[in-house]
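Listing of work-v9.txt, compact mmCIF, C-alpha atoms
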# COMPACT_ATOMS: atom_id res chain seq x y z
CA MET C 1227 97.93 117.94 -97.81
CA PRO C 1228 100.78 119.83 -96.22
CA THR C 1229 103.08 116.83 -96.11
CA GLU C 1230 102.42 115.76 -99.68
CA MET C 1231 104.90 116.83 -102.32
CA GLN C 1232 103.24 119.40 -104.51
CA PRO C 1233 102.86 118.47 -108.17
CA GLY C 1234 104.57 120.64 -110.76
CA PRO C 1235 102.84 122.35 -113.67
CA ALA C 1236 103.29 119.34 -115.95
CA ALA C 1237 101.69 117.01 -113.44
CA LEU C 1238 98.90 119.49 -112.81
CA TYR C 1239 98.31 119.68 -116.53
CA ALA C 1240 98.18 115.92 -116.90
CA ARG C 1241 95.85 115.50 -113.95
CA HIS C 1242 93.53 118.43 -114.27
CA TYR C 1243 93.47 119.57 -117.88
CA LEU C 1244 90.29 117.74 -118.87
CA GLU C 1245 88.55 118.66 -115.64
CA LEU C 1246 89.41 122.32 -116.11
CA VAL C 1247 88.32 122.39 -119.74
CA ARG C 1248 85.02 120.87 -118.66
CA LEU C 1249 84.66 123.53 -116.02
CA ALA C 1250 85.46 126.27 -118.53
CA ARG C 1251 82.98 124.72 -120.96
CA GLN C 1252 80.25 125.38 -118.42
CA LEU C 1253 81.18 129.04 -118.36
CA VAL C 1254 81.81 129.80 -122.04
CA ASP C 1255 80.04 128.83 -125.21
CA ASP C 1256 82.13 126.17 -126.84
CA VAL C 1257 84.86 123.64 -126.22
CA GLU C 1258 87.46 125.43 -128.32
CA THR C 1259 87.15 128.59 -126.28
CA ALA C 1260 87.16 126.54 -123.10
CA GLU C 1261 90.47 125.02 -124.15
CA ASP C 1262 91.90 128.44 -124.92
CA VAL C 1263 90.83 129.62 -121.49
CA VAL C 1264 92.62 126.74 -119.78
CA GLN C 1265 95.70 127.17 -121.97
CA ASP C 1266 95.93 130.77 -120.88
CA VAL C 1267 95.61 129.79 -117.25
CA PHE C 1268 98.42 127.27 -117.52
CA ALA C 1269 100.56 129.74 -119.46
CA ALA C 1270 100.17 132.20 -116.61
CA LEU C 1271 100.99 129.50 -114.09
CA ALA C 1272 104.25 128.73 -115.86
CA ASP C 1273 105.50 132.22 -115.10
CA LYS C 1274 104.81 132.03 -111.40
CA ARG C 1275 105.75 130.17 -108.29
CA LEU C 1276 103.15 127.48 -107.69
CA PRO C 1277 100.55 128.61 -105.18
CA ASP C 1278 99.79 126.62 -102.06
CA ASP C 1279 96.56 125.29 -103.45
CA PRO C 1280 97.25 125.03 -107.18
CA VAL C 1281 93.94 123.42 -108.08
CA ARG C 1282 91.96 126.18 -106.48
CA TYR C 1283 94.26 128.66 -108.17
CA LEU C 1284 93.64 127.01 -111.53
CA ARG C 1285 89.89 126.96 -111.02
CA ARG C 1286 89.94 130.58 -110.07
CA GLY C 1287 91.97 131.35 -113.16
CA VAL C 1288 89.47 129.48 -115.32
CA VAL C 1289 86.56 131.44 -113.85
CA ASN C 1290 88.33 134.76 -114.27
CA ARG C 1291 89.51 134.06 -117.80
CA SER C 1292 86.08 132.77 -118.83
CA ARG C 1293 84.60 135.96 -117.47
CA SER C 1294 86.99 137.97 -119.58
CA VAL C 1295 86.10 135.99 -122.71
CA LEU C 1296 82.38 136.45 -122.13
CA ARG C 1297 82.81 140.15 -121.54
CA ARG C 1298 84.55 140.48 -124.85
CA ARG C 1299 81.97 138.45 -126.71
CA ARG C 1300 78.96 140.08 -125.15
CA THR C 1301 79.22 143.07 -127.43
CA VAL C 1302 79.74 140.98 -130.52
CA ARG C 1303 76.62 139.00 -129.72
CA ALA C 1304 74.61 142.10 -128.99
CA TYR C 1305 75.03 143.25 -132.56
CA ALA C 1306 75.16 139.93 -134.34
CA HIS C 1307 71.37 139.82 -134.89
CA ARG C 1308 71.36 136.11 -134.31
CA PRO C 1309 70.99 134.74 -130.81
CA VAL C 1310 73.71 132.31 -129.86
CA ASP C 1311 72.43 129.16 -128.28
CA PRO C 1312 74.83 128.82 -125.36
CA ALA C 1313 73.87 125.22 -124.80
CA GLY C 1314 74.67 124.11 -128.28
CA ALA C 1315 77.07 126.48 -129.95
CA ALA C 1316 79.91 124.86 -131.84
CA ASP C 1317 79.25 121.42 -130.49
CA PRO C 1318 79.42 118.41 -132.76
CA ALA C 1319 76.14 117.30 -134.26
CA ASP C 1320 76.19 113.93 -132.55
CA ALA C 1321 76.59 115.63 -129.19
CA GLU C 1322 73.55 117.70 -130.03
CA LEU C 1323 71.58 114.56 -130.59
CA LEU C 1324 72.69 113.08 -127.32
CA ARG C 1325 71.65 116.10 -125.34
CA SER C 1326 68.05 115.94 -124.33
CA GLU C 1327 65.69 118.80 -124.78
CA GLU C 1328 65.41 118.94 -121.03
CA ALA C 1329 69.14 119.38 -120.59
CA ARG C 1330 69.25 121.94 -123.35
CA ALA C 1331 66.59 124.00 -121.66
CA VAL C 1332 68.39 123.82 -118.34
CA LEU C 1333 71.76 124.73 -119.87
CA ALA C 1334 70.29 127.62 -121.79
CA ALA C 1335 68.70 128.86 -118.58
CA VAL C 1336 72.01 128.61 -116.73
CA ALA C 1337 73.73 130.51 -119.53
CA ALA C 1338 71.09 133.22 -119.29
CA LEU C 1339 71.78 133.84 -115.62
CA PRO C 1340 73.77 136.88 -114.56
CA ARG C 1341 77.47 136.11 -114.62
CA ARG C 1342 78.00 135.69 -110.89
CA GLN C 1343 74.95 133.47 -110.50
CA ARG C 1344 76.05 131.31 -113.41
CA GLU C 1345 79.49 130.87 -111.87
CA VAL C 1346 78.06 129.95 -108.52
CA VAL C 1347 75.67 127.43 -110.02
CA VAL C 1348 78.46 125.80 -112.01
CA LEU C 1349 80.84 125.63 -109.06
CA ARG C 1350 78.17 124.24 -106.74
CA PHE C 1351 76.32 121.84 -108.99
CA TYR C 1352 78.94 120.89 -111.51
CA ALA C 1353 82.22 121.15 -109.60
CA ASP C 1354 80.48 120.07 -106.38
CA LEU C 1355 82.28 122.69 -104.35
CA SER C 1356 80.99 123.71 -100.97
CA VAL C 1357 79.80 127.26 -100.48
CA ALA C 1358 83.10 128.06 -98.75
CA GLU C 1359 85.15 126.50 -101.55
CA ALA C 1360 83.15 128.31 -104.21
CA ALA C 1361 83.65 131.55 -102.31
CA ALA C 1362 87.39 130.93 -102.23
CA VAL C 1363 87.52 130.24 -105.96
CA LEU C 1364 85.49 133.32 -106.78
CA GLY C 1365 87.29 135.47 -104.24
CA ILE C 1366 84.07 136.56 -102.58
CA ARG C 1367 82.40 136.01 -99.20
CA ALA C 1368 80.42 132.85 -98.51
CA GLY C 1369 77.36 134.98 -97.89
CA ALA C 1370 77.61 136.39 -101.39
CA VAL C 1371 77.75 132.88 -102.79
CA THR C 1372 74.64 131.90 -100.84
CA THR C 1373 72.80 134.98 -102.00
CA SER C 1374 73.74 134.42 -105.64
CA LEU C 1375 72.75 130.79 -105.38
CA ARG C 1376 69.39 131.61 -103.85
CA ARG C 1377 68.66 134.14 -106.57
CA ALA C 1378 69.74 131.74 -109.28
CA LEU C 1379 67.53 128.95 -107.96
CA ALA C 1380 64.64 131.38 -107.71
CA SER C 1381 64.91 132.57 -111.30
CA LEU C 1382 65.92 129.34 -113.02
CA PRO C 1383 62.46 127.69 -113.16
CA ALA C 1384 61.06 130.60 -115.10
CA LEU C 1385 64.10 130.68 -117.38
CA ILE C 1386 63.83 126.97 -118.05
CA GLU C 1387 60.17 127.18 -118.94
CA ARG C 1388 60.61 130.25 -121.08
CA PRO C 1389 60.08 129.33 -124.74
CA SER C 1390 63.05 129.89 -127.00
CA PRO C 1391 62.93 133.19 -128.90
CA MET Q 511 61.16 121.61 -105.71
CA THR Q 512 64.64 122.97 -105.09
CA VAL Q 513 66.03 119.48 -104.72
CA GLU Q 514 64.50 118.51 -108.02
CA LEU Q 515 65.87 121.63 -109.67
CA GLU Q 516 69.32 120.95 -108.26
CA ALA Q 517 69.17 117.44 -109.65
CA ARG Q 518 68.20 118.76 -113.06
CA LEU Q 519 71.07 121.22 -112.91
CA ARG Q 520 73.56 118.53 -111.96
CA ASP Q 521 72.34 116.23 -114.73
CA ALA Q 522 72.44 118.90 -117.41
CA LEU Q 523 75.84 120.24 -116.41
CA ARG Q 524 77.27 116.75 -116.18
CA LEU Q 525 75.90 115.87 -119.59
CA GLN Q 526 77.51 118.94 -121.07
CA ALA Q 527 80.81 118.19 -119.34
CA ASP Q 528 80.80 114.57 -120.50
CA GLU Q 529 80.69 115.74 -124.08
CA VAL Q 530 84.19 117.12 -123.56
CA THR Q 531 86.61 114.24 -123.92
CA LEU Q 532 90.38 114.14 -124.12
CA ALA Q 533 90.14 112.72 -127.61
CA GLY Q 534 88.38 115.85 -128.79
CA LEU Q 535 90.80 118.34 -127.27
CA ARG Q 536 93.56 120.01 -129.22
CA PHE Q 537 96.09 120.24 -126.42
CA ALA Q 538 95.41 117.10 -124.44
CA ASP Q 539 99.06 116.05 -124.68
CA GLY Q 540 100.62 119.25 -123.46
CA PRO Q 541 100.23 122.98 -123.26
CA ARG Q 542 100.16 125.13 -126.32
CA VAL Q 543 103.43 126.84 -127.08
CA VAL Q 544 102.93 130.47 -127.95
CA PRO Q 545 105.76 131.68 -130.19
CA GLY Q 546 107.28 134.94 -129.21
CA ARG Q 547 105.84 134.93 -125.74
CA PRO Q 548 108.23 136.81 -123.49
CA ALA Q 549 109.78 134.93 -120.61
CA ARG Q 550 108.42 136.94 -117.76
CA ARG Q 551 110.31 135.04 -115.11
CA GLY Q 552 113.39 137.19 -115.69
CA LEU Q 553 111.46 140.42 -115.91
CA THR Q 554 111.11 141.10 -112.23
CA TRP Q 555 111.65 144.78 -112.93
CA LEU Q 556 108.46 144.89 -114.96
CA ALA Q 557 106.06 145.55 -112.08
CA PRO Q 558 107.97 148.52 -110.66
CA ALA Q 559 108.55 149.77 -114.18
CA ALA Q 560 104.84 149.55 -114.92
CA ILE Q 561 104.08 151.43 -111.72
CA ALA Q 562 106.61 154.07 -112.70
CA VAL Q 563 105.02 154.35 -116.14
CA CYS Q 564 101.59 154.71 -114.54
CA VAL Q 565 102.85 157.42 -112.22
CA LEU Q 566 104.41 159.25 -115.15
CA ALA Q 567 101.23 158.85 -117.17
CA VAL Q 568 99.14 160.30 -114.34
CA ALA Q 569 101.62 163.15 -113.98
CA GLY Q 570 101.39 163.73 -117.73
CA VAL Q 571 97.61 163.84 -117.63
CA VAL Q 572 97.71 166.27 -114.73
CA ALA Q 573 100.18 168.44 -116.65
CA VAL Q 574 97.98 168.39 -119.75
CA ILE Q 575 94.92 169.37 -117.76
CA ALA Q 576 96.82 172.10 -115.97
CA ALA Q 577 98.28 173.50 -119.19
CA GLY Q 578 94.98 173.75 -121.02
CA PRO Q 579 93.17 171.99 -123.82
CA HIS Q 580 95.58 172.72 -126.67
CA SER Q 581 98.76 171.42 -125.15
CA GLY Q 582 97.89 167.72 -125.21
CA ARG Q 583 99.70 166.56 -128.28
CA THR Q 584 103.10 167.72 -127.21
CA SER Q 585 103.11 166.89 -123.54
CA ALA Q 586 103.12 163.08 -123.47
CA GLY Q 587 103.15 159.93 -125.52
CA GLY Q 588 105.32 159.06 -128.48
CA SER Q 589 106.72 155.68 -129.28
CA GLY Q 590 108.80 153.05 -127.56
CA PRO Q 591 108.02 150.32 -125.04
CA ALA Q 592 106.86 152.79 -122.38
CA ALA Q 593 104.39 154.37 -124.75
CA VAL Q 594 103.06 150.96 -125.69
CA ALA Q 595 102.78 150.03 -122.02
CA SER Q 596 100.60 153.06 -121.49
CA LEU Q 597 98.04 151.59 -123.88
CA ALA Q 598 97.05 148.81 -121.49
CA GLY Q 599 93.46 149.23 -120.43
CA THR Q 600 92.59 151.71 -123.17
CA GLY Q 601 90.16 151.50 -126.06
CA TRP Q 602 90.42 153.38 -129.35
CA ARG Q 603 88.09 154.07 -132.25
CA LEU Q 604 89.49 153.91 -135.76
CA ASP Q 605 89.24 157.38 -137.18
CA SER Q 606 91.04 157.27 -140.51
CA VAL Q 607 93.26 155.05 -142.60
CA ARG Q 608 96.07 155.97 -144.92
CA LYS Q 609 96.27 153.20 -147.47
CA PRO Q 610 99.44 151.86 -149.11
CA ASP Q 611 98.64 153.89 -152.24
CA GLY Q 612 98.84 157.09 -150.16
CA SER Q 613 95.14 157.89 -150.15
CA THR Q 614 93.39 158.53 -146.85
CA VAL Q 615 89.94 157.27 -145.98
CA ALA Q 616 87.93 158.63 -143.08
CA ILE Q 617 86.25 155.93 -141.01
CA PRO Q 618 82.96 157.11 -139.52
CA ALA Q 619 81.96 155.95 -136.07
CA ARG Q 620 79.07 153.98 -137.56
CA VAL Q 621 81.56 151.50 -139.01
CA GLY Q 622 82.35 150.45 -135.49
CA ALA Q 623 86.06 149.84 -135.96
CA GLY Q 624 88.42 149.97 -133.06
CA VAL Q 625 91.06 148.34 -130.95
CA ASP Q 626 91.14 147.59 -127.24
CA PHE Q 627 94.24 146.85 -125.21
CA GLU Q 628 93.65 144.61 -122.23
CA ARG Q 629 95.04 145.55 -118.86
CA ASP Q 630 97.35 142.53 -118.83
CA HIS Q 631 99.73 144.08 -121.39
CA THR Q 632 99.57 140.95 -123.54
CA ARG Q 633 96.23 140.92 -125.30
CA LEU Q 634 94.27 143.13 -127.59
CA GLY Q 635 91.01 142.95 -129.45
CA ALA Q 636 90.52 144.51 -132.84
CA GLY Q 637 87.18 144.70 -134.56
CA VAL Q 638 85.12 146.10 -137.37
CA GLY Q 639 81.42 145.82 -136.75
CA THR Q 640 80.70 142.31 -135.53
CA SER Q 641 83.94 140.89 -136.85
CA PHE Q 642 86.32 140.71 -133.95
CA THR Q 643 89.86 139.39 -133.59
CA ASP Q 644 91.31 138.44 -130.27
CA ALA Q 645 95.10 138.55 -130.27
CA ARG Q 646 98.18 138.44 -128.15
CA TYR Q 647 100.93 140.94 -128.54
CA THR Q 648 104.50 141.38 -127.50
CA VAL Q 649 106.56 144.53 -127.60
CA THR Q 650 109.94 144.69 -129.29
CA ASP Q 651 112.84 146.68 -127.87
CA ALA Q 652 112.02 149.36 -130.43
CA GLY Q 653 108.50 149.64 -129.09
CA ASP Q 654 106.79 147.90 -132.00
CA LEU Q 655 103.94 145.48 -131.48
CA VAL Q 656 104.17 141.92 -132.70
CA VAL Q 657 100.62 140.67 -132.92
CA THR Q 658 99.64 137.01 -132.85
CA PRO Q 659 95.94 136.41 -133.47
CA ILE Q 660 94.22 133.90 -131.21
CA GLY Q 661 90.86 133.77 -132.87
CA THR Q 662 88.33 135.68 -134.88
CA THR Q 663 84.62 136.03 -134.55
CA GLY Q 664 84.18 136.40 -138.26
CA SER Q 665 81.24 138.14 -139.83
CA GLY Q 666 81.21 138.47 -143.58
CA TYR Q 667 80.55 141.77 -145.25
CA ALA Q 668 78.94 141.69 -148.65
CA GLY Q 669 78.50 145.44 -149.04
CA SER Q 670 80.60 147.96 -150.88
CA ASP Q 671 80.96 150.81 -148.38
CA PRO Q 672 84.57 151.92 -148.97
CA ALA Q 673 84.94 152.96 -145.35
CA VAL Q 674 84.01 149.49 -144.13
CA LEU Q 675 86.18 147.75 -146.70
CA THR Q 676 89.15 149.98 -145.88
CA ALA Q 677 88.65 149.47 -142.15
CA VAL Q 678 88.55 145.71 -142.61
CA ASP Q 679 91.72 145.72 -144.73
CA ALA Q 680 93.54 148.01 -142.33
CA MET Q 681 92.58 146.09 -139.20
CA THR Q 682 93.55 142.87 -140.94
CA ALA Q 683 96.93 144.40 -141.74
CA ILE Q 684 97.71 144.94 -138.08
CA THR Q 685 96.38 141.57 -136.89
CA TYR Q 686 97.03 139.12 -139.68
CA GLY Q 687 99.13 141.08 -142.13
CA ARG Q 688 97.94 142.09 -145.56
CA SER Q 689 98.47 138.58 -146.87
CA GLY Q 690 95.89 137.27 -144.42
CA GLN Q 691 98.55 135.10 -142.83
CA SER Q 692 99.82 135.83 -139.37
CA SER Q 693 103.28 136.91 -140.39
CA GLY Q 694 104.28 138.42 -137.08
CA GLN Q 695 105.52 141.56 -138.74
CA PRO Q 696 106.04 144.51 -136.43
CA VAL Q 697 103.33 147.12 -136.05
CA SER Q 698 104.79 150.50 -135.26
CA VAL Q 699 103.08 152.54 -132.60
CA ASP Q 700 102.78 156.25 -131.98
CA VAL Q 701 100.82 157.22 -128.90
CA GLN Q 702 99.57 160.70 -128.21
CA PRO Q 703 97.17 161.69 -125.46
CA ARG Q 704 94.15 161.54 -127.72
CA LEU Q 705 95.57 159.92 -130.79
CA LEU Q 706 97.00 156.52 -131.54
CA ARG Q 707 98.69 155.61 -134.80
CA LEU Q 708 99.43 152.04 -135.78
CA SER Q 709 101.37 151.35 -138.96
CA ALA Q 710 101.78 148.01 -140.64
CA ASP Q 711 102.04 146.64 -144.14
CA GLY Q 712 101.77 150.08 -145.71
CA TYR Q 713 98.67 151.05 -143.77
CA VAL Q 714 98.63 153.84 -141.22
CA LEU Q 715 95.67 153.59 -138.88
CA SER Q 716 94.77 156.67 -136.87
CA PHE Q 717 92.63 156.10 -133.81
CA ALA Q 718 90.86 158.67 -131.71
CA ASP Q 719 89.95 158.26 -128.08
CA LYS Q 720 87.03 155.91 -127.86
CA LEU Q 721 83.80 157.85 -127.94
CA PRO Q 722 81.20 157.35 -125.26
CA LEU Q 723 78.34 155.24 -126.56
CA ALA Q 724 75.89 158.09 -126.28
CA THR Q 725 77.78 160.13 -128.83
CA THR Q 726 78.22 157.49 -131.51
CA SER Q 727 76.24 158.06 -134.65
CA ALA Q 728 73.27 156.14 -135.95
CA PRO Q 729 73.64 152.52 -137.02
CA ALA Q 730 75.02 151.91 -140.46
CA THR Q 731 72.98 150.47 -143.22
CA GLY Q 732 75.83 148.73 -144.92
CA ALA Q 733 78.33 147.94 -142.21
CA PRO Q 734 78.89 144.37 -141.03
CA GLY Q 735 77.62 145.39 -137.64
CA THR Q 736 75.72 148.28 -136.24
CA SER Q 737 78.10 149.38 -133.55
CA SER Q 738 81.63 148.91 -132.42
CA PRO Q 739 82.47 145.56 -130.92
CA VAL Q 740 84.89 147.36 -128.73
CA ALA Q 741 82.50 150.08 -127.71
CA SER Q 742 81.26 148.44 -124.55
CA LEU Q 743 84.29 146.47 -123.57
CA HIS Q 744 85.04 148.85 -120.78
CA THR Q 745 81.50 149.29 -119.63

Take the structure in the file and write it out as structure tokens.
Amino acid sequence: MPTEMQPGPAALYARHYLELVRLARQLVDDVETAEDVVQDVFAALADKRLPDDPVRYLRRGVVNRSRSVLRRRRTVRAYAHRPVDPAGAADPADAELLRSEEARAVLAAVAALPRRQREVVVLRFYADLSVAEAAAVLGIRAGAVTTSLRRALASLPALIERPSP
Amino acid sequence: MTVELEARLRDALRLQADEVTLAGLRFADGPRVVPGRPARRGLTWLAPAAIAVCVLAVAGVVAVIAAGPHSGRTSAGGSGPAAVASLAGTGWRLDSVRKPDGSTVAIPARVGAGVDFERDHTRLGAGVGTSFTDARYTVTDAGDLVVTPIGTTGSGYAGSDPAVLTAVDAMTAITYGRSGQSSGQPVSVDVQPRLLRLSADGYVLSFADKLPLATTSAPATGAPGTSSPVASLHT
């Protein structure tokens, strides 16, 4: 809202920290990394003048930083000789029990999507952003979001049904 | 069909999100304070300085190319903050290590040891095989690095290959210090066009320009991993 006083970094942290960690958790493999991602985003924010739409800025930062983390880990995983279960890595055992097999299969399928498609799926179906909002967060055109979404929805059923290796 | 799939996606993602609670977070009460982090607010000269460094680096590369293949080592690089700044966005393969006892150990490419400097001038990744440390760094006025590890993707090594063991010790020296504790001791830096030397805790690590993947040697039989964790970071 243009007339509303903009919250400062501390208020943004108090209001949005959990939400942003949850968003990051959808994009990386574990909660600890998700927290690190959000910490980095807030650390960067502290050095800058607050943008006009700080929440969108923070979300965008979370997506970008998560991308960077995954890029770095991709190589490690490639040579680790043990597949990481993206849906369950580093989660507490009780959380594992709570998560149904169905959800695990879906989350593993989402994690197996190409990076852009995964981001679009998370922003649309977890963050409930519109196509335009998702495009703004990702810094791409709305058409690209729609295309990625369509491809993701086309490939997900097969990924969900695919038996675990 | 799509509606059903969307519902499944929403349910699964929500379930995963709900497992993250404030009670389980480390920094729910306030942001993490990173010791030694430079206050960038006052460094408004940094962007133009970085641009100037980039321009000089490009000019240096052009001069090296123009002067021929044997002039590289004397035409650019060195130490100091500007030299360290030039490392951003580069990746290096560990080539040899001079140990505190004075002996030098060659590190073959199969060991997969290397260091990558992120483009943001604040982070680096150092790895041996599948063991990888993500770290922040700051640069002192003298041009030394002060490295603060953020996390490690640990992978134990039970073998006895001296090259691997030396690489692990040397990389640990620059990230965590020889004691294994993050002591924040300075790591001195010497940058040459195709050579990087990092010195810390009695170790001198010599890095060569990262090799293209196609030219790396066959996988090791005793290394903790079969290729460099940094090898594809820039791919």

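In this model, the gap between atom CA of Ala616 of chain Q and atom CA of Ser698 of chain Q comes to 20.3 Å.
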
Pick the closest to Arg1241 of chain C from C:Pro1280, C:Asp1262, C:Val1257, C:Phe1351: which is it, counting all atoms listed in the file?
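Looking at the shortest contact to Arg1241 of chain C, the residue is C:Pro1280.
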
Atom CA of Ala1353 of chain C and atom CA of Ala517 of chain Q are how many Å apart?
13.6 Å

With distances taken over all atoms listed in the file, which of Q:Thr600, Q:Ser670, Q:Thr662, Q:Ser606 is nearest to chain C?
Q:Thr662

State, in Å with one decimal place, the distance from atom CA of Ala569 of chain Q to atom CA of Val656 of chain Q.
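About the pair atom CA of Ala569 of chain Q and atom CA of Val656 of chain Q: they are 28.4 Å apart.
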
Export segment 1230-1291 of chain C, C-alpha atoms, as a PDB file, in the first residue's frame; it's the structure right above.
ATOM      1  CA  GLU C1230       1.176   2.551   4.526  1.00  0.00           C
ATOM      2  CA  MET C1231       4.405   3.091   6.409  1.00  0.00           C
ATOM      3  CA  GLN C1232       6.911   0.549   5.212  1.00  0.00           C
ATOM      4  CA  PRO C1233       8.185  -1.879   7.827  1.00  0.00           C
ATOM      5  CA  GLY C1234      11.892  -1.909   8.594  1.00  0.00           C
ATOM      6  CA  PRO C1235      14.151  -4.947   8.383  1.00  0.00           C
ATOM      7  CA  ALA C1236      13.443  -5.967  11.972  1.00  0.00           C
ATOM      8  CA  ALA C1237       9.698  -5.901  11.407  1.00  0.00           C
ATOM      9  CA  LEU C1238      10.088  -7.758   8.136  1.00  0.00           C
ATOM     10  CA  TYR C1239      12.139 -10.372   9.927  1.00  0.00           C
ATOM     11  CA  ALA C1240       9.565 -10.794  12.667  1.00  0.00           C
ATOM     12  CA  ARG C1241       6.689 -11.017  10.219  1.00  0.00           C
ATOM     13  CA  HIS C1242       8.135 -13.018   7.393  1.00  0.00           C
ATOM     14  CA  TYR C1243      11.011 -15.108   8.701  1.00  0.00           C
ATOM     15  CA  LEU C1244       9.046 -18.328   9.162  1.00  0.00           C
ATOM     16  CA  GLU C1245       7.201 -17.885   5.889  1.00  0.00           C
ATOM     17  CA  LEU C1246      10.460 -17.348   4.022  1.00  0.00           C
ATOM     18  CA  VAL C1247      12.182 -20.321   5.628  1.00  0.00           C
ATOM     19  CA  ARG C1248       9.212 -22.443   4.621  1.00  0.00           C
ATOM     20  CA  LEU C1249       9.498 -21.150   1.084  1.00  0.00           C
ATOM     21  CA  ALA C1250      13.232 -21.865   1.028  1.00  0.00           C
ATOM     22  CA  ARG C1251      12.559 -25.325   2.442  1.00  0.00           C
ATOM     23  CA  GLN C1252      10.554 -26.093  -0.680  1.00  0.00           C
ATOM     24  CA  LEU C1253      13.533 -25.193  -2.825  1.00  0.00           C
ATOM     25  CA  VAL C1254      16.436 -26.767  -0.920  1.00  0.00           C
ATOM     26  CA  ASP C1255      16.874 -30.062   0.831  1.00  0.00           C
ATOM     27  CA  ASP C1256      16.661 -29.351   4.521  1.00  0.00           C
ATOM     28  CA  VAL C1257      15.501 -26.831   7.067  1.00  0.00           C
ATOM     29  CA  GLU C1258      18.983 -25.860   8.192  1.00  0.00           C
ATOM     30  CA  THR C1259      19.996 -24.861   4.702  1.00  0.00           C
ATOM     31  CA  ALA C1260      16.689 -23.085   4.247  1.00  0.00           C
ATOM     32  CA  GLU C1261      17.430 -21.015   7.335  1.00  0.00           C
ATOM     33  CA  ASP C1262      20.898 -20.190   6.063  1.00  0.00           C
ATOM     34  CA  VAL C1263      19.390 -19.072   2.783  1.00  0.00           C
ATOM     35  CA  VAL C1264      16.992 -16.700   4.525  1.00  0.00           C
ATOM     36  CA  GLN C1265      19.714 -15.424   6.845  1.00  0.00           C
ATOM     37  CA  ASP C1266      21.798 -14.517   3.835  1.00  0.00           C
ATOM     38  CA  VAL C1267      18.888 -12.726   2.248  1.00  0.00           C
ATOM     39  CA  PHE C1268      18.270 -10.638   5.348  1.00  0.00           C
ATOM     40  CA  ALA C1269      21.984  -9.937   5.715  1.00  0.00           C
ATOM     41  CA  ALA C1270      21.993  -8.558   2.184  1.00  0.00           C
ATOM     42  CA  LEU C1271      18.897  -6.513   2.925  1.00  0.00           C
ATOM     43  CA  ALA C1272      20.578  -4.875   5.899  1.00  0.00           C
ATOM     44  CA  ASP C1273      23.153  -3.328   3.600  1.00  0.00           C
ATOM     45  CA  LYS C1274      20.632  -1.778   1.260  1.00  0.00           C
ATOM     46  CA  ARG C1275      17.849   0.726   1.126  1.00  0.00           C
ATOM     47  CA  LEU C1276      14.572  -1.128   1.498  1.00  0.00           C
ATOM     48  CA  PRO C1277      12.971  -1.793  -1.877  1.00  0.00           C
ATOM     49  CA  ASP C1278       9.446  -0.680  -2.669  1.00  0.00           C
ATOM     50  CA  ASP C1279       8.063  -4.159  -2.337  1.00  0.00           C
ATOM     51  CA  PRO C1280      10.270  -5.732   0.319  1.00  0.00           C
ATOM     52  CA  VAL C1281       8.369  -9.006   0.529  1.00  0.00           C
ATOM     53  CA  ARG C1282       8.714  -9.633  -3.160  1.00  0.00           C
ATOM     54  CA  TYR C1283      12.349  -8.658  -2.880  1.00  0.00           C
ATOM     55  CA  LEU C1284      12.844 -11.131  -0.051  1.00  0.00           C
ATOM     56  CA  ARG C1285      11.097 -13.907  -1.933  1.00  0.00           C
ATOM     57  CA  ARG C1286      13.204 -13.229  -4.948  1.00  0.00           C
ATOM     58  CA  GLY C1287      16.304 -13.321  -2.794  1.00  0.00           C
ATOM     59  CA  VAL C1288      15.232 -16.655  -1.323  1.00  0.00           C
ATOM     60  CA  VAL C1289      14.724 -18.144  -4.785  1.00  0.00           C
ATOM     61  CA  ASN C1290      18.046 -16.843  -6.051  1.00  0.00           C
ATOM     62  CA  ARG C1291      20.005 -17.915  -2.994  1.00  0.00           C
TER      63      ARG C1291
END
